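Since the structure comes first, as structure tokens, the remarks are kept for the end.
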Amino acid sequence: MNGNRVYIRLMADKDSEQLHAIRQRNFYFFKPFEPIRPDEYFTLEEQRRIIQAGIQGAEEDRNYVFGVFEKQSESLMGRIELSGVARGPFQNASLGYFMDEVHNGKGYMTEAIGLVLEYAFSEIGLHRIQAGVMPRNLASVRVLEKAGFRHEGLAKRYLKINGEWEDHALYAITTEDV
């Protein structure tokens with residue numbers, strides 16, 4: 001799916017090296033916002049395995065992992081995932097994302113999330129997308145708000161991030177909101 005400056009597509013094996021490079025380059029930038037991960041997580045082999053798991057997850061309608069690519073250079077800039085897809089009366093998924101630090105704060109992720117929402121609501125028929133973000137992660141809060149998500153509350157000690165149980169502000173958007 002194409003935007004003005006970015007495009008998204010489901011990640012493929014050919015993206016492994018670029019994803020690995022982003023993970024390596026942004027280790028300290030991402031660290032305050034992610035769980036503690038074993039050293040193996042940061043290997044090329046593990047990034048390939050993660051992409052393979054994403055491909056299988058999409059085939060099984062469990063999760064969808066998208067690469068965010070700069071249109072001009074066609075280089076991978078970040079990743080967005082719709083995880084925990086629930087069908088039946090819920091029709092919901094959780095949104096997670098990261099952007100390479102060099103591209104941070106330029107509106108690329110907001111544009112990419114808009115494309116993912118279009119895919120989620122139009123292509124795979126979801127009704128609701130939710131996201132949790134640490135309140136101190138102001139850049140991520142701004143991304144969600146600019147993408148049209150509404151604040152729904154605060155989940156205390158929601159996820160263990162960088163070794164600490166962190167509160168998360170909960171945001172959501174439904175088809176009626178777009």
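By order of appearance in the structure tokens: chains A, B, ..., then residues from 1 within every chain, and ligands from 1 in the order shown.
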
Residues within 7 Å of stretch 128-141 of chain A, only C-alpha atoms, excluding chain neighbours under 4 positions, as a ChimeraX atom specification: /A:91-96,145,166-175

Report the closest atom pair, with its distance in Å rounded to one decimal, for each residue of stretch 102-173 of chain A that has an atom no farther than 7 Å from stretch 33-48 of chain A; count only C-alpha atoms, sort by chain and then rising residue number, and write it as JSON lines.
{"residue": "A:Lys160", "atom": "CA", "partner": "A:Pro35", "partner_atom": "CA", "distance": 6.1}
{"residue": "A:Ile161", "atom": "CA", "partner": "A:Pro35", "partner_atom": "CA", "distance": 4.3}
{"residue": "A:Asn162", "atom": "CA", "partner": "A:Pro35", "partner_atom": "CA", "distance": 4.8}
{"residue": "A:Gly163", "atom": "CA", "partner": "A:Ile36", "partner_atom": "CA", "distance": 6.2}

Write the residues of the preceding selection, restricted to N, CA and C atoms, as a PDB file, in the first residue's frame.
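As a result, again00.pdb now contains:
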ATOM      1  N   LYS A 160       6.345  -5.591  31.112  1.00  0.00           N
ATOM      2  CA  LYS A 160       7.692  -5.498  31.656  1.00  0.00           C
ATOM      3  C   LYS A 160       8.626  -5.014  30.554  1.00  0.00           C
ATOM      4  N   ILE A 161       9.024  -3.773  30.668  1.00  0.00           N
ATOM      5  CA  ILE A 161       9.836  -3.105  29.666  1.00  0.00           C
ATOM      6  C   ILE A 161      11.192  -2.768  30.280  1.00  0.00           C
ATOM      7  N   ASN A 162      12.235  -3.216  29.595  1.00  0.00           N
ATOM      8  CA  ASN A 162      13.603  -2.964  30.055  1.00  0.00           C
ATOM      9  C   ASN A 162      13.767  -3.305  31.541  1.00  0.00           C
ATOM     10  N   GLY A 163      13.118  -4.401  31.949  1.00  0.00           N
ATOM     11  CA  GLY A 163      13.263  -4.910  33.304  1.00  0.00           C
ATOM     12  C   GLY A 163      12.324  -4.330  34.349  1.00  0.00           C
TER      13      GLY A 163
END

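Shell of stretch 101-105 of chain A at 9 Å, with only C-alpha atoms counted and residues fewer than 6 places along the chain excluded, is Ile22, Arg25, Asn26, Phe29, Phe30, Met77, Gly78, Ala139 and Val143 of chain A.
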
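Across A:Glu164, A:Val68, A:Val178, A:Tyr108, the tightest approach to A:Pro32 is made by A:Glu164 when counting only C-alpha atoms.
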
For stretch 38-125 of chain A against stretch 9-19 of chain A, with a cut-off of 12 Å and counting only C-alpha atoms, what is the closest atom pair and its distance in Å to one decimal for every residue that makes the cut, ordered by chain and number, as CSV?
residue,atom,partner,partner_atom,distance
A:Tyr41,CA,A:Leu19,CA,11.8
A:Phe42,CA,A:Leu19,CA,9.9
A:Thr43,CA,A:Glu17,CA,9.8
A:Leu44,CA,A:Glu17,CA,6.6
A:Glu45,CA,A:Ser16,CA,8.4
A:Glu46,CA,A:Ser16,CA,9.1
A:Gln47,CA,A:Ser16,CA,5.9
A:Arg48,CA,A:Ser16,CA,5.3
A:Arg49,CA,A:Ser16,CA,8.9
A:Ile50,CA,A:Ser16,CA,9.0
A:Ile51,CA,A:Met11,CA,6.4
A:Gln52,CA,A:Asp13,CA,7.0
A:Ala53,CA,A:Met11,CA,10.3
A:Gly54,CA,A:Met11,CA,7.5
A:Ile55,CA,A:Ala12,CA,7.2
A:Gln56,CA,A:Ala12,CA,10.8
A:Gly57,CA,A:Leu10,CA,10.8
A:Ala58,CA,A:Leu10,CA,8.5
A:Glu59,CA,A:Leu10,CA,11.0
A:Asn63,CA,A:Leu10,CA,10.5
A:Tyr64,CA,A:Leu10,CA,6.9
A:Val65,CA,A:Leu10,CA,5.6
A:Phe66,CA,A:Leu10,CA,4.2
A:Gly67,CA,A:Met11,CA,5.3
A:Val68,CA,A:Arg9,CA,7.2
A:Phe69,CA,A:Arg9,CA,8.3
A:Glu70,CA,A:Arg9,CA,11.5
A:Lys71,CA,A:Arg9,CA,11.8
A:Glu74,CA,A:Gln18,CA,11.1
A:Ser75,CA,A:Gln18,CA,7.8
A:Leu76,CA,A:Gln18,CA,6.3
A:Met77,CA,A:Leu19,CA,8.6
A:Gly78,CA,A:Leu19,CA,7.9
A:Arg79,CA,A:Leu19,CA,8.4
A:Ile80,CA,A:Leu10,CA,9.4
A:Glu81,CA,A:Leu10,CA,9.4
A:Leu82,CA,A:Leu10,CA,10.8
A:Phe98,CA,A:Leu19,CA,11.0
A:Met99,CA,A:Leu19,CA,10.8
A:Asp100,CA,A:Leu19,CA,9.8
A:Ala112,CA,A:Arg9,CA,10.1
A:Ile113,CA,A:Arg9,CA,12.0
A:Leu115,CA,A:Arg9,CA,9.7
A:Val116,CA,A:Arg9,CA,9.2
A:Tyr119,CA,A:Arg9,CA,10.1

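Taking atom CA of A:Ala120 and atom CA of A:Lys31 as endpoints, the distance between them is 28.3 Å.
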
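If you measure from each of A:Gln72, A:Gln24, A:Ser83, A:Asn4 to A:Glu111 using only C-alpha atoms, the closest one turns out to be A:Asn4.
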
Two-atom distance - atom CA of A:Glu118, atom CA of A:Ala86 (Å): 17.4 Å

Backbone-only DSSP, helix (DSSP H, G or I) members of chain A, as an MDAnalysis selection string: chainID A and resid 13:25 27:33 39:42 44:59 101:103 108:123 138:146 175:177

Residues of stretch 1-167 of chain A in strand (DSSP E or B), written as a PyMOL selection string: chain A and resi 2+6-10+64-70+76-86+92-99+128-133+150-161+164-167

Output for the residues just chosen: C-alpha atoms as a short mmCIF file (atom, residue, chain, number, x, y, z; two decimals), in the first residue's frame:
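Produced file part.cif, reproduced below:
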data_model
loop_
_atom_site.label_atom_id
_atom_site.label_comp_id
_atom_site.auth_asym_id
_atom_site.auth_seq_id
_atom_site.Cartn_x
_atom_site.Cartn_y
_atom_site.Cartn_z
CA ASN A 2 1.36 3.37 -1.02
CA VAL A 6 6.23 5.68 2.44
CA TYR A 7 4.78 2.37 1.43
CA ILE A 8 4.07 -0.70 3.49
CA ARG A 9 4.01 -4.36 2.61
CA LEU A 10 4.09 -7.60 4.52
CA TYR A 64 0.38 -9.16 10.17
CA VAL A 65 3.94 -7.78 10.13
CA PHE A 66 4.60 -4.90 7.75
CA GLY A 67 7.80 -3.24 6.71
CA VAL A 68 7.68 0.53 6.41
CA PHE A 69 9.71 1.58 3.36
CA GLU A 70 10.78 4.98 2.13
CA LEU A 76 13.32 -0.29 5.21
CA MET A 77 12.67 2.42 7.80
CA GLY A 78 10.65 0.56 10.42
CA ARG A 79 8.14 -2.12 11.20
CA ILE A 80 4.46 -2.23 12.18
CA GLU A 81 2.67 -5.28 13.51
CA LEU A 82 -0.99 -6.09 13.97
CA SER A 83 -0.85 -8.87 16.56
CA GLY A 84 -3.33 -10.93 18.51
CA VAL A 85 -5.96 -10.80 15.78
CA ALA A 86 -9.30 -11.73 17.34
CA ASN A 92 -9.68 -6.56 16.97
CA ALA A 93 -5.88 -6.49 16.85
CA SER A 94 -3.09 -4.81 18.79
CA LEU A 95 -0.76 -2.38 17.06
CA GLY A 96 2.98 -2.24 17.71
CA TYR A 97 5.64 -0.35 15.79
CA PHE A 98 9.16 1.02 15.68
CA MET A 99 11.01 3.43 13.43
CA ARG A 128 -10.95 -2.10 16.19
CA ILE A 129 -7.21 -1.57 16.58
CA GLN A 130 -5.73 -0.95 20.01
CA ALA A 131 -2.30 0.15 21.15
CA GLY A 132 -0.53 0.56 24.46
CA VAL A 133 2.22 3.11 24.98
CA ARG A 150 -8.41 7.98 21.15
CA HIS A 151 -7.10 7.62 24.69
CA GLU A 152 -9.11 4.99 26.59
CA GLY A 153 -7.34 4.74 29.92
CA LEU A 154 -4.25 3.70 31.83
CA ALA A 155 -3.18 0.12 32.47
CA LYS A 156 -1.01 0.01 35.59
CA ARG A 157 2.13 -2.15 35.45
CA TYR A 158 0.98 -3.44 32.05
CA LEU A 159 4.19 -4.73 30.45
CA LYS A 160 7.69 -5.50 31.66
CA ILE A 161 9.84 -3.11 29.67
CA GLU A 164 10.54 -2.76 34.92
CA TRP A 165 6.76 -3.13 35.03
CA GLU A 166 5.61 -0.07 33.13
CA ASP A 167 2.21 1.62 33.02
#
